[in-house]
$ cat upload00.tsv   # TSV, C-alpha atoms and all ligand atoms
chain	number	residue	atom	x	y	z
B	1	MET	CA	-14.67	46.86	-57.03
B	2	THR	CA	-14.38	46.31	-53.28
B	3	PRO	CA	-14.41	42.62	-52.28
B	4	ASP	CA	-17.76	42.60	-50.52
B	5	LYS	CA	-19.49	44.73	-53.14
B	6	TYR	CA	-22.71	43.51	-54.67
B	7	CYS	CA	-21.82	41.95	-58.01
B	8	ILE	CA	-23.92	42.85	-61.05
B	9	LEU	CA	-22.66	39.98	-63.13
B	10	ASP	CA	-22.05	36.86	-61.15
B	11	LYS	CA	-21.65	33.27	-62.34
B	12	GLY	CA	-23.28	33.96	-65.67
B	13	LYS	CA	-26.22	35.81	-64.15
B	14	LEU	CA	-27.17	39.43	-64.43
B	15	ASN	CA	-28.14	40.73	-60.98
B	16	LEU	CA	-30.10	43.79	-61.94
B	17	ALA	CA	-33.58	44.29	-60.48
B	18	TYR	CA	-34.25	46.70	-63.34
B	19	PRO	CA	-32.66	45.32	-66.54
B	20	VAL	CA	-32.06	48.65	-68.27
B	21	ILE	CA	-28.58	50.15	-68.54
B	22	LEU	CA	-27.43	53.56	-69.73
B	23	ALA	CA	-25.09	53.02	-72.69
B	24	PRO	CA	-21.51	54.16	-73.10
B	25	LEU	CA	-21.83	57.31	-75.22
B	26	ALA	CA	-18.62	59.01	-76.28
B	27	GLY	CA	-18.86	62.77	-75.76
B	28	ILE	CA	-22.18	62.45	-73.92
B	29	SER	CA	-22.23	60.05	-70.98
B	30	ALA	CA	-20.07	62.19	-68.72
B	31	LEU	CA	-20.82	62.43	-65.00
B	32	PRO	CA	-23.59	65.12	-65.28
B	33	PHE	CA	-25.51	63.08	-67.87
B	34	ARG	CA	-25.19	59.91	-65.80
B	35	LEU	CA	-26.32	61.61	-62.60
B	36	ILE	CA	-29.36	63.18	-64.23
B	37	ASN	CA	-30.39	59.82	-65.68
B	38	ARG	CA	-29.77	58.02	-62.40
B	39	LYS	CA	-32.00	60.53	-60.63
B	40	ALA	CA	-34.73	59.72	-63.15
B	41	GLY	CA	-34.57	55.98	-62.50
B	42	CYS	CA	-31.52	54.64	-64.31
B	43	ILE	CA	-29.66	52.30	-61.99
B	44	CYS	CA	-26.62	51.14	-63.91
B	45	ALA	CA	-24.68	53.44	-66.24
B	46	PHE	CA	-21.56	53.48	-68.36
B	47	ALA	CA	-18.96	56.21	-68.35
B	48	GLU	CA	-17.63	57.50	-71.67
B	49	MET	CA	-15.46	55.12	-73.65
B	50	VAL	CA	-11.74	55.54	-72.97
B	51	HIS	CA	-8.84	54.54	-75.16
B	52	ALA	CA	-6.66	51.91	-73.49
B	53	ARG	CA	-3.43	53.48	-74.72
B	54	SER	CA	-4.33	56.98	-73.44
B	55	LEU	CA	-5.44	55.55	-70.12
B	56	SER	CA	-2.25	53.53	-69.80
B	57	TYR	CA	-0.29	56.81	-70.08
B	58	ASN	CA	-2.58	58.24	-67.41
B	59	ASN	CA	-3.52	61.02	-69.83
B	60	ILE	CA	-5.25	63.83	-67.91
B	61	LYS	CA	-8.13	64.22	-70.37
B	62	THR	CA	-8.73	60.48	-70.32
B	63	ARG	CA	-8.75	60.36	-66.52
B	64	GLU	CA	-11.21	63.25	-66.61
B	65	LEU	CA	-13.61	61.04	-68.59
B	66	LEU	CA	-13.62	58.63	-65.67
B	67	ARG	CA	-14.45	61.20	-62.99
B	68	THR	CA	-17.11	59.83	-60.71
B	69	VAL	CA	-18.77	60.33	-57.30
B	70	PRO	CA	-20.08	57.77	-54.78
B	71	SER	CA	-23.69	58.13	-55.99
B	72	ASP	CA	-22.56	57.23	-59.53
B	73	GLN	CA	-22.83	53.49	-58.89
B	74	PRO	CA	-23.06	50.82	-60.26
B	75	LEU	CA	-20.76	51.98	-63.00
B	76	GLY	CA	-19.34	50.46	-66.18
B	77	VAL	CA	-16.05	51.42	-67.83
B	78	GLN	CA	-15.52	50.77	-71.52
B	79	LEU	CA	-12.11	50.37	-73.14
B	80	LEU	CA	-11.22	50.81	-76.79
B	81	GLY	CA	-8.02	49.42	-78.28
B	82	ASN	CA	-6.43	46.44	-79.98
B	83	GLU	CA	-3.09	45.94	-78.25
B	84	PRO	CA	-2.92	43.45	-75.37
B	85	TYR	CA	-0.05	45.38	-73.80
B	86	TYR	CA	-2.04	48.62	-73.52
B	87	LEU	CA	-5.16	46.83	-72.34
B	88	GLU	CA	-3.17	45.38	-69.47
B	89	LYS	CA	-1.59	48.74	-68.70
B	90	ALA	CA	-5.00	50.38	-68.76
B	91	LEU	CA	-6.25	47.84	-66.23
B	92	GLU	CA	-3.34	48.73	-63.98
B	93	GLN	CA	-4.43	52.37	-64.13
B	94	LEU	CA	-7.92	51.30	-63.08
B	95	GLU	CA	-6.67	49.68	-59.88
B	96	GLY	CA	-8.39	51.37	-56.96
B	97	TYR	CA	-11.04	52.91	-59.21
B	98	ASP	CA	-14.56	52.04	-58.09
B	99	TYR	CA	-16.37	50.37	-60.98
B	100	ASP	CA	-18.44	47.26	-61.54
B	101	ILE	CA	-18.14	46.18	-65.18
B	102	LEU	CA	-15.31	46.41	-67.65
B	103	ASP	CA	-16.61	46.44	-71.21
B	104	PHE	CA	-14.51	46.12	-74.32
B	105	ASN	CA	-15.56	48.03	-77.41
B	106	ALA	CA	-15.84	46.00	-80.61
B	107	ALA	CA	-18.73	48.06	-81.92
B	108	CYS	CA	-17.56	51.60	-82.69
B	109	PRO	CA	-18.15	52.26	-86.42
B	110	GLU	CA	-16.25	55.57	-86.70
B	111	ARG	CA	-13.77	55.72	-89.57
B	112	LYS	CA	-10.97	57.13	-87.45
B	113	VAL	CA	-11.37	54.14	-85.13
B	114	VAL	CA	-11.82	51.28	-87.60
B	115	VAL	CA	-8.92	52.36	-89.85
B	116	LYS	CA	-6.70	51.60	-86.87
B	117	GLY	CA	-8.21	48.12	-86.57
B	118	GLU	CA	-10.13	49.04	-83.42
B	119	GLY	CA	-13.82	49.04	-82.47
B	120	ALA	CA	-16.03	47.28	-85.04
B	121	ALA	CA	-12.97	46.42	-87.18
B	122	LEU	CA	-12.23	43.66	-84.65
B	123	LEU	CA	-15.33	41.85	-85.87
B	124	LYS	CA	-13.29	41.00	-88.99
B	125	ASP	CA	-10.50	39.40	-86.98
B	126	LEU	CA	-12.01	36.95	-84.53
B	127	HIS	CA	-8.64	35.55	-83.58
B	128	LEU	CA	-7.41	38.92	-82.28
B	129	PHE	CA	-10.87	39.71	-80.90
B	130	ARG	CA	-10.78	36.59	-78.76
B	131	GLN	CA	-7.17	37.08	-77.72
B	132	LEU	CA	-7.88	40.61	-76.47
B	133	LEU	CA	-10.88	39.46	-74.51
B	134	GLU	CA	-8.89	36.64	-72.93
B	135	VAL	CA	-6.31	39.14	-71.72
B	136	LEU	CA	-9.00	41.29	-70.14
B	137	VAL	CA	-10.81	38.34	-68.57
B	138	GLN	CA	-7.58	37.08	-67.02
B	139	ARG	CA	-6.46	40.46	-65.69
B	140	ALA	CA	-9.54	42.49	-64.82
B	141	ALA	CA	-10.69	42.83	-61.23
B	142	VAL	CA	-14.35	43.06	-62.27
B	143	PRO	CA	-16.56	41.06	-64.69
B	144	VAL	CA	-15.63	41.66	-68.33
B	145	THR	CA	-18.20	42.19	-71.06
B	146	VAL	CA	-17.93	43.04	-74.73
B	147	LYS	CA	-20.00	45.30	-76.94
B	148	ILE	CA	-20.37	44.05	-80.49
B	149	ARG	CA	-22.31	44.85	-83.61
B	150	LEU	CA	-23.87	42.07	-85.68
B	151	GLY	CA	-20.94	42.08	-88.06
B	152	TRP	CA	-18.94	44.30	-90.39
B	153	ASP	CA	-21.33	44.48	-93.32
B	154	SER	CA	-23.59	41.48	-92.81
B	155	ALA	CA	-25.14	39.73	-89.85
B	156	GLY	CA	-24.10	36.32	-91.17
B	157	GLN	CA	-21.37	35.84	-88.58
B	158	ALA	CA	-23.17	37.36	-85.62
B	159	CYS	CA	-23.44	34.09	-83.66
B	160	ASP	CA	-19.79	33.18	-84.35
B	161	ILE	CA	-18.66	36.56	-83.05
B	162	ALA	CA	-20.77	36.24	-79.91
B	163	ARG	CA	-19.62	32.65	-79.30
B	164	ALA	CA	-15.99	33.68	-79.66
B	165	ALA	CA	-16.64	36.21	-76.88
B	166	GLU	CA	-18.31	33.62	-74.69
B	167	ASP	CA	-15.44	31.17	-75.28
B	168	ALA	CA	-13.01	33.90	-74.23
B	169	GLY	CA	-14.78	33.95	-70.86
B	170	VAL	CA	-16.72	37.21	-70.90
B	171	ALA	CA	-19.57	37.53	-68.41
B	172	ALA	CA	-22.09	39.04	-70.86
B	173	VAL	CA	-22.39	40.37	-74.39
B	174	PHE	CA	-23.86	43.75	-75.36
B	175	VAL	CA	-25.20	43.65	-78.93
B	176	HIS	CA	-26.02	46.68	-81.03
B	177	GLY	CA	-28.44	45.10	-83.50
B	178	ARG	CA	-26.90	46.67	-86.59
B	179	THR	CA	-23.82	45.97	-88.70
B	180	ARG	CA	-20.93	48.41	-88.89
B	181	ALA	CA	-22.05	49.27	-92.42
B	182	GLN	CA	-25.44	50.43	-91.10
B	183	GLY	CA	-23.90	53.02	-88.79
B	184	TYR	CA	-26.71	54.34	-86.62
B	185	SER	CA	-29.54	54.10	-89.14
B	186	GLY	CA	-31.37	51.34	-90.89
B	187	LYS	CA	-33.47	48.70	-89.26
B	188	VAL	CA	-32.45	47.02	-86.05
B	189	ASN	CA	-32.18	43.29	-86.71
B	190	TYR	CA	-34.17	41.76	-83.86
B	191	LYS	CA	-33.91	38.28	-85.34
B	192	ALA	CA	-30.13	38.33	-85.35
B	193	ILE	CA	-30.06	39.43	-81.69
B	194	ALA	CA	-32.50	36.60	-80.89
B	195	GLY	CA	-30.15	34.20	-82.68
B	196	ILE	CA	-27.26	35.34	-80.51
B	197	LYS	CA	-29.34	35.00	-77.37
B	198	LYS	CA	-30.22	31.41	-78.34
B	199	SER	CA	-26.65	30.45	-79.02
B	200	LEU	CA	-25.13	31.78	-75.76
B	201	ARG	CA	-25.33	30.69	-72.13
B	202	ILE	CA	-24.24	34.08	-70.75
B	203	PRO	CA	-26.55	37.13	-70.59
B	204	VAL	CA	-27.19	39.16	-73.73
B	205	ILE	CA	-27.95	42.86	-73.45
B	206	ALA	CA	-29.62	44.33	-76.50
B	207	SER	CA	-29.10	47.78	-77.99
B	208	GLY	CA	-30.73	49.63	-80.86
B	209	ASP	CA	-33.55	52.14	-81.19
B	210	ILE	CA	-34.73	52.03	-77.59
B	211	PHE	CA	-36.50	55.37	-78.03
B	212	ASN	CA	-39.50	54.72	-75.82
B	213	ALA	CA	-41.04	52.17	-73.49
B	214	SER	CA	-42.85	50.23	-76.20
B	215	LEU	CA	-39.69	49.84	-78.27
B	216	ALA	CA	-37.97	48.61	-75.10
B	217	GLN	CA	-40.67	46.03	-74.56
B	218	LYS	CA	-40.57	45.03	-78.24
B	219	MET	CA	-36.80	44.51	-78.02
B	220	LEU	CA	-37.13	42.23	-74.98
B	221	GLU	CA	-40.04	40.27	-76.47
B	222	GLU	CA	-38.58	39.79	-79.93
B	223	THR	CA	-35.04	38.94	-78.88
B	224	GLY	CA	-35.39	37.26	-75.48
B	225	ALA	CA	-32.50	39.49	-74.35
B	226	ASP	CA	-31.76	39.63	-70.63
B	227	ALA	CA	-31.49	43.41	-70.51
B	228	LEU	CA	-31.46	46.59	-72.59
B	229	LEU	CA	-29.07	49.40	-73.27
B	230	VAL	CA	-30.64	52.84	-73.57
B	231	ALA	CA	-28.61	55.23	-75.74
B	232	ARG	CA	-30.06	58.01	-77.96
B	233	GLY	CA	-33.43	57.46	-76.29
B	234	ALA	CA	-32.05	59.18	-73.17
B	235	PHE	CA	-30.89	62.30	-75.03
B	236	GLY	CA	-32.89	65.07	-73.39
B	237	ASN	CA	-35.17	62.38	-72.06
B	238	PRO	CA	-34.14	60.88	-68.71
B	239	TRP	CA	-37.84	60.15	-68.17
B	240	ILE	CA	-37.47	57.16	-70.50
B	241	PHE	CA	-36.18	55.15	-67.51
B	242	ARG	CA	-39.32	55.57	-65.43
B	243	GLU	CA	-41.49	54.90	-68.47
B	244	ILE	CA	-39.73	51.64	-69.37
B	245	TYR	CA	-39.84	50.63	-65.70
B	246	ALA	CA	-43.59	51.20	-65.57
B	247	LEU	CA	-44.31	49.28	-68.76
B	248	LEU	CA	-42.13	46.30	-67.80
B	249	ASN	CA	-43.79	46.20	-64.39
B	250	LYS	CA	-47.29	46.52	-65.87
B	251	GLU	CA	-47.86	49.80	-64.08
B	252	PRO	CA	-49.67	52.76	-65.67
B	253	LEU	CA	-47.34	54.80	-67.88
B	254	PRO	CA	-46.32	58.05	-66.15
B	255	GLN	CA	-47.39	61.28	-67.83
B	256	ARG	CA	-44.83	62.85	-70.17
B	257	PRO	CA	-43.11	65.66	-68.25
B	258	GLU	CA	-44.63	69.11	-68.35
B	259	ILE	CA	-42.57	72.14	-69.32
B	260	ASN	CA	-41.87	73.03	-65.68
B	261	GLU	CA	-40.42	69.63	-64.92
B	262	ILE	CA	-38.34	69.71	-68.09
B	263	ALA	CA	-37.00	73.17	-67.21
B	264	ASP	CA	-36.18	72.07	-63.65
B	265	VAL	CA	-34.26	69.03	-64.89
B	266	MET	CA	-32.47	71.15	-67.52
B	267	LYS	CA	-31.40	73.57	-64.83
B	268	GLU	CA	-30.14	70.80	-62.59
B	269	HIS	CA	-28.31	69.16	-65.49
B	270	PHE	CA	-26.78	72.52	-66.40
B	271	HIS	CA	-25.55	73.10	-62.83
B	272	LEU	CA	-24.01	69.62	-62.82
B	273	CYS	CA	-22.24	70.59	-66.06
B	274	GLY	CA	-20.90	73.67	-64.27
B	275	ASP	CA	-19.48	71.52	-61.45
B	276	TYR	CA	-17.96	69.09	-63.92
B	277	TYR	CA	-16.70	71.18	-66.85
B	278	GLY	CA	-16.22	74.43	-64.94
B	279	ARG	CA	-18.49	77.50	-65.02
B	280	GLY	CA	-16.68	78.96	-68.01
B	281	ARG	CA	-17.32	75.94	-70.24
B	282	SER	CA	-20.70	74.67	-69.08
B	283	ALA	CA	-22.87	76.79	-71.42
B	284	VAL	CA	-21.13	75.56	-74.54
B	285	ARG	CA	-21.24	71.94	-73.35
B	286	PHE	CA	-24.94	72.25	-72.47
B	287	ARG	CA	-26.11	73.64	-75.86
B	288	ILE	CA	-26.71	70.23	-77.42
B	289	PHE	CA	-28.63	69.08	-74.35
B	290	PHE	CA	-30.85	72.16	-74.55
B	291	VAL	CA	-31.71	71.19	-78.12
B	292	TRP	CA	-32.49	67.62	-77.08
B	293	TYR	CA	-34.60	68.60	-74.05
B	294	THR	CA	-36.70	70.90	-76.18
B	295	ARG	CA	-37.20	68.57	-79.14
B	296	GLY	CA	-40.72	68.65	-80.49
B	297	VAL	CA	-41.72	71.74	-78.48
B	298	PRO	CA	-43.66	74.09	-80.77
B	299	GLY	CA	-42.14	77.51	-81.54
B	300	ILE	CA	-38.73	76.67	-80.09
B	301	LYS	CA	-36.64	77.58	-83.15
B	302	ALA	CA	-35.82	81.19	-82.25
B	303	LEU	CA	-34.86	80.32	-78.69
B	304	ARG	CA	-32.63	77.52	-79.92
B	305	SER	CA	-30.63	79.85	-82.11
B	306	LYS	CA	-30.17	82.11	-79.07
B	307	VAL	CA	-28.96	79.05	-77.13
B	308	MET	CA	-26.37	78.36	-79.81
B	309	HIS	CA	-24.82	81.75	-78.95
B	310	ALA	CA	-25.13	81.40	-75.17
B	311	ALA	CA	-21.53	81.41	-74.02
B	312	ASP	CA	-21.78	81.95	-70.26
B	313	GLU	CA	-23.72	80.60	-67.34
B	314	GLN	CA	-26.07	83.56	-67.02
B	315	SER	CA	-27.11	83.50	-70.69
B	316	MET	CA	-27.87	79.78	-70.58
B	317	LEU	CA	-29.90	80.12	-67.39
B	318	GLU	CA	-31.89	82.92	-69.05
B	319	CYS	CA	-32.58	80.68	-72.03
B	320	ILE	CA	-33.84	77.91	-69.74
B	321	GLU	CA	-36.13	80.36	-67.95
B	322	GLU	CA	-37.37	81.77	-71.25
B	323	PHE	CA	-38.20	78.21	-72.30
B	324	ARG	CA	-40.14	77.75	-69.06
B	325	GLU	CA	-42.09	80.99	-69.46
B	326	LYS	CA	-42.90	80.56	-73.14
B	327	GLY	CA	-43.89	76.94	-72.72
B	328	GLN	CA	-45.89	77.27	-69.49
B	329	GLY	CA	-49.00	75.15	-69.69
B	330	GLY	CA	-47.74	73.24	-72.69
B	331	LYS	CA	-46.57	69.62	-72.80
B	332	ASN	CA	-43.59	67.99	-74.35
B	333	PRO	CA	-45.17	65.91	-77.10
B	401	LIG	C1	-23.20	60.04	-79.78
B	401	LIG	C2	-23.03	58.57	-79.59
B	401	LIG	C3	-21.90	58.08	-78.95
B	401	LIG	C4	-21.72	56.71	-78.78
B	401	LIG	N1	-20.62	56.25	-78.14
B	401	LIG	C5	-20.45	54.93	-77.91
B	401	LIG	C6	-19.32	54.44	-77.20
B	401	LIG	O1	-18.45	55.19	-76.80
B	401	LIG	N2	-19.22	53.10	-77.01
B	401	LIG	C7	-20.18	52.22	-77.46
B	401	LIG	O2	-20.06	51.03	-77.26
B	401	LIG	N3	-21.25	52.67	-78.14
B	401	LIG	C8	-21.41	53.98	-78.36
B	401	LIG	N4	-22.53	54.43	-79.02
B	401	LIG	C9	-23.55	53.46	-79.43
B	401	LIG	C10	-24.65	53.31	-78.38
B	401	LIG	O3	-24.13	52.83	-77.18
B	401	LIG	C11	-25.79	52.40	-78.88
B	401	LIG	O4	-25.32	51.07	-78.96
B	401	LIG	C12	-26.33	52.83	-80.23
B	401	LIG	O5	-26.55	54.22	-80.27
B	401	LIG	C13	-27.63	52.10	-80.56
B	401	LIG	O6	-28.61	52.41	-79.65
B	401	LIG	P1	-29.80	53.48	-79.99
B	401	LIG	O7	-30.25	53.15	-81.41
B	401	LIG	O8	-30.84	53.18	-78.93
B	401	LIG	O9	-29.18	54.83	-79.90
B	401	LIG	C14	-22.70	55.78	-79.25
B	401	LIG	C15	-23.83	56.29	-79.90
B	401	LIG	C16	-24.01	57.64	-80.07
B	401	LIG	C17	-25.25	58.14	-80.77
$ encode --input "upload00.tsv" --output "structure tokens"
Amino acid sequence: MTPDKYCILDKGKLNLAYPVILAPLAGISALPFRLINRKAGCICAFAEMVHARSLSYNNIKTRELLRTVPSDQPLGVQLLGNEPYYLEKALEQLEGYDYDILDFNAACPERKVVVKGEGAALLKDLHLFRQLLEVLVQRAAVPVTVKIRLGWDSAGQACDIARAAEDAGVAAVFVHGRTRAQGYSGKVNYKAIAGIKKSLRIPVIASGDIFNASLAQKMLEETGADALLVARGAFGNPWIFREIYALLNKEPLPQRPEINEIADVMKEHFHLCGDYYGRGRSAVRFRIFFVWYTRGVPGIKALRSKVMHAADEQSMLECIEEFREKGQGGKNP
């Protein structure tokens, strides 16, 4: 962060005119995905999570995850890890990198992560959790935040976890309103997020099932959270940002995009993938996005199986155009 740069999190306040942030999404929130969402109204976005140890070794693949461009601002970086030494080393590698928030991951539920005592496993060791956050707060050049779940297998300790983070000096807490045991399904616990919000002085940013504008509004109303994190709701749906914006600002909800608009955005997203991953790899990387963009479109099954075999740029572009032609006049439900 340059010294005179506008600060998103300053003195316990969140300075975001539009309190909706694009979540860190491992394997998904690479530069093309962020840029396409920013174009659709997302202001603040997170890059993909990076492992502190890999970053500290300046691993090429890890550095690749942090590739950015000037229009990709404001930007959050998220670190995973549980060793103070590597967290410090990772921060050294981030010197000179233009970012605005440093988030620490204490939320990832994946087995391969928690068996190493990282991600959500830290929720079971509040002493270490707090120690790691203190290291980051002392050393980072930008405001530090933490992303937590409500607990390991119960929400009983949710407020203690969040208070430990506040005591460690973080500038804000991101809360995924589920326990580690719930994974990504099961009900979001709005009450527990509200409890955290009541017990902290710093901003709370809520996450969980923000799939449309009304669920975004419900989250804010039921929890009192200061902001929201959009995650799966943006998969193939960058329009969610303009819709949430309209609802929060009491403006008429924009129409859902028509097929032509969807196809145009797909094409742009696909070209961005080409610039980022290289022309030879973009089709394979884009397959999952094709599926997401075309969710709920009637009669899409055959085209999707063609997409799953599209291995080069030309074949993927043909699939996008076939989607446009077949769907002309229709609407994405
Ligand atoms: C594919 C995928 C990757 C994710 N990667 C991360 C990650 O790297 N770091 C993180 O803190 N959360 C990650 N999450 C969790 C989301 O940021 C978010 O908190 C969660 O999906 C709940 O929001 P949702 O129900 O609106 O999707 C990921 C979720 C998904 C589905």
$ residues_near_ligand --input "upload00.tsv" --ligand "ligand LIG 401 (chain B)" --cutoff "9 Å" --atoms "all atoms listed in the file" --output "ChimeraX atom specification"
/B:22-29,46-50,78-80,103-109,119,146-149,174-178,183-185,188,206-211,229-234
$ write_last_selection --input "upload00.tsv" --atoms "C-alpha atoms" --output "tab-separated table (two decimals), in the frame of the given file"
chain	number	residue	atom	x	y	z
B	22	LEU	CA	-27.43	53.56	-69.73
B	23	ALA	CA	-25.09	53.02	-72.69
B	24	PRO	CA	-21.51	54.16	-73.10
B	25	LEU	CA	-21.83	57.31	-75.22
B	26	ALA	CA	-18.62	59.01	-76.28
B	27	GLY	CA	-18.86	62.77	-75.76
B	28	ILE	CA	-22.18	62.45	-73.92
B	29	SER	CA	-22.23	60.05	-70.98
B	46	PHE	CA	-21.56	53.48	-68.36
B	47	ALA	CA	-18.96	56.21	-68.35
B	48	GLU	CA	-17.63	57.50	-71.67
B	49	MET	CA	-15.46	55.12	-73.65
B	50	VAL	CA	-11.74	55.54	-72.97
B	78	GLN	CA	-15.52	50.77	-71.52
B	79	LEU	CA	-12.11	50.37	-73.14
B	80	LEU	CA	-11.22	50.81	-76.79
B	103	ASP	CA	-16.61	46.44	-71.21
B	104	PHE	CA	-14.51	46.12	-74.32
B	105	ASN	CA	-15.56	48.03	-77.41
B	106	ALA	CA	-15.84	46.00	-80.61
B	107	ALA	CA	-18.73	48.06	-81.92
B	108	CYS	CA	-17.56	51.60	-82.69
B	109	PRO	CA	-18.15	52.26	-86.42
B	119	GLY	CA	-13.82	49.04	-82.47
B	146	VAL	CA	-17.93	43.04	-74.73
B	147	LYS	CA	-20.00	45.30	-76.94
B	148	ILE	CA	-20.37	44.05	-80.49
B	149	ARG	CA	-22.31	44.85	-83.61
B	174	PHE	CA	-23.86	43.75	-75.36
B	175	VAL	CA	-25.20	43.65	-78.93
B	176	HIS	CA	-26.02	46.68	-81.03
B	177	GLY	CA	-28.44	45.10	-83.50
B	178	ARG	CA	-26.90	46.67	-86.59
B	183	GLY	CA	-23.90	53.02	-88.79
B	184	TYR	CA	-26.71	54.34	-86.62
B	185	SER	CA	-29.54	54.10	-89.14
B	188	VAL	CA	-32.45	47.02	-86.05
B	206	ALA	CA	-29.62	44.33	-76.50
B	207	SER	CA	-29.10	47.78	-77.99
B	208	GLY	CA	-30.73	49.63	-80.86
B	209	ASP	CA	-33.55	52.14	-81.19
B	210	ILE	CA	-34.73	52.03	-77.59
B	211	PHE	CA	-36.50	55.37	-78.03
B	229	LEU	CA	-29.07	49.40	-73.27
B	230	VAL	CA	-30.64	52.84	-73.57
B	231	ALA	CA	-28.61	55.23	-75.74
B	232	ARG	CA	-30.06	58.01	-77.96
B	233	GLY	CA	-33.43	57.46	-76.29
B	234	ALA	CA	-32.05	59.18	-73.17
$ residues_around --input "upload00.tsv" --residues "Gly327 of chain B" --least-positions-apart "6" --cutoff "12 Å" --atoms "only C-alpha atoms" --output "count of residues only"
17
$ residues_around --input "upload00.tsv" --residues "segment 81-98 of chain B" --least-positions-apart "2" --cutoff "6 Å" --atoms "only C-alpha atoms" --output "number ranges by chain"
B: 1, 52-53, 55-56, 118, 132
$ residues_near_point --input "upload00.tsv" --point "(-16.3, 45.2, -63.0)" --cutoff "12 Å" --atoms "all atoms listed in the file" --output "PyMOL selection string"
chain B and resi 1-3+5-10+44+46+73-78+91+94-104+136-137+139-145+170-172
$ atom_distance --input "upload00.tsv" --atom1 "atom CA of Asp72 of chain B" --atom2 "atom CA of Ile43 of chain B"
9.0 Å
$ atom_distance --input "upload00.tsv" --atom1 "atom CA of Asn249 of chain B" --atom2 "atom CA of Gly12 of chain B"
23.9 Å
$ closest_residue --input "upload00.tsv" --among "B:Ala120, B:Ala165, B:Ala213, B:Cys42" --to "Gln182 of chain B" --atoms "only C-alpha atoms"
B:Ala120
$ residues_around --input "upload00.tsv" --residues "Met308 of chain B" --least-positions-apart "6" --cutoff "12 Å" --atoms "only C-alpha atoms" --output "PyMOL selection string"
chain B and resi 283-291+301-302+315-316+319
$ residues_around --input "upload00.tsv" --residues "Phe33 of chain B" --least-positions-apart "2" --cutoff "10 Å" --atoms "all atoms listed in the file" --output "list in words"
Leu22, Ile28, Ser29, Ala30, Leu31, Leu35, Ile36, Asn37, Arg38, Ala45, Ala47, Ala234, Phe235, Gly236, Pro238, His269, Phe270, Leu272, Cys273 and Phe289 of chain B
$ write_last_selection --input "upload00.tsv" --atoms "C-alpha atoms" --output "short mmCIF file (atom, residue, chain, number, x, y, z; two decimals), in the frame of the given file"
data_model
loop_
_atom_site.label_atom_id
_atom_site.label_comp_id
_atom_site.auth_asym_id
_atom_site.auth_seq_id
_atom_site.Cartn_x
_atom_site.Cartn_y
_atom_site.Cartn_z
CA LEU B 22 -27.43 53.56 -69.73
CA ILE B 28 -22.18 62.45 -73.92
CA SER B 29 -22.23 60.05 -70.98
CA ALA B 30 -20.07 62.19 -68.72
CA LEU B 31 -20.82 62.43 -65.00
CA LEU B 35 -26.32 61.61 -62.60
CA ILE B 36 -29.36 63.18 -64.23
CA ASN B 37 -30.39 59.82 -65.68
CA ARG B 38 -29.77 58.02 -62.40
CA ALA B 45 -24.68 53.44 -66.24
CA ALA B 47 -18.96 56.21 -68.35
CA ALA B 234 -32.05 59.18 -73.17
CA PHE B 235 -30.89 62.30 -75.03
CA GLY B 236 -32.89 65.07 -73.39
CA PRO B 238 -34.14 60.88 -68.71
CA HIS B 269 -28.31 69.16 -65.49
CA PHE B 270 -26.78 72.52 -66.40
CA LEU B 272 -24.01 69.62 -62.82
CA CYS B 273 -22.24 70.59 -66.06
CA PHE B 289 -28.63 69.08 -74.35
#
$ residues_around --input "upload00.tsv" --residues "Gly41 of chain B" --least-positions-apart "6" --cutoff "12 Å" --atoms "all atoms listed in the file" --output "list of chain:residue names"
B:Ala17, B:Tyr18, B:Pro19, B:Val20, B:Ile21, B:Leu22, B:Arg34, B:Leu35, B:Ala234, B:Asn237, B:Pro238, B:Trp239, B:Ile240, B:Phe241, B:Arg242, B:Glu243, B:Ile244, B:Tyr245, B:Ala246
$ atom_distance --input "upload00.tsv" --atom1 "atom CA of Gly186 of chain B" --atom2 "atom CA of Ala155 of chain B"
13.2 Å
$ closest_residue --input "upload00.tsv" --among "B:Asp312, B:Glu318, B:Asp167, B:Asp153" --to "Gln131 of chain B" --atoms "all atoms listed in the file"
B:Asp167
$ residues_near_point --input "upload00.tsv" --point "(-21.9, 31.3, -78.7)" --cutoff "9 Å" --atoms "all atoms listed in the file" --output "list in words"
Cys159, Asp160, Ile161, Ala162, Arg163, Ala164, Ala165, Glu166, Asp167, Ile196, Lys197, Lys198, Ser199, Leu200, Arg201 and Ile202 of chain B
$ closest_residue --input "upload00.tsv" --among "B:Thr179, B:Asn58, B:Gln157, B:Thr68" --to "Tyr276 of chain B" --atoms "all atoms listed in the file"
B:Thr68
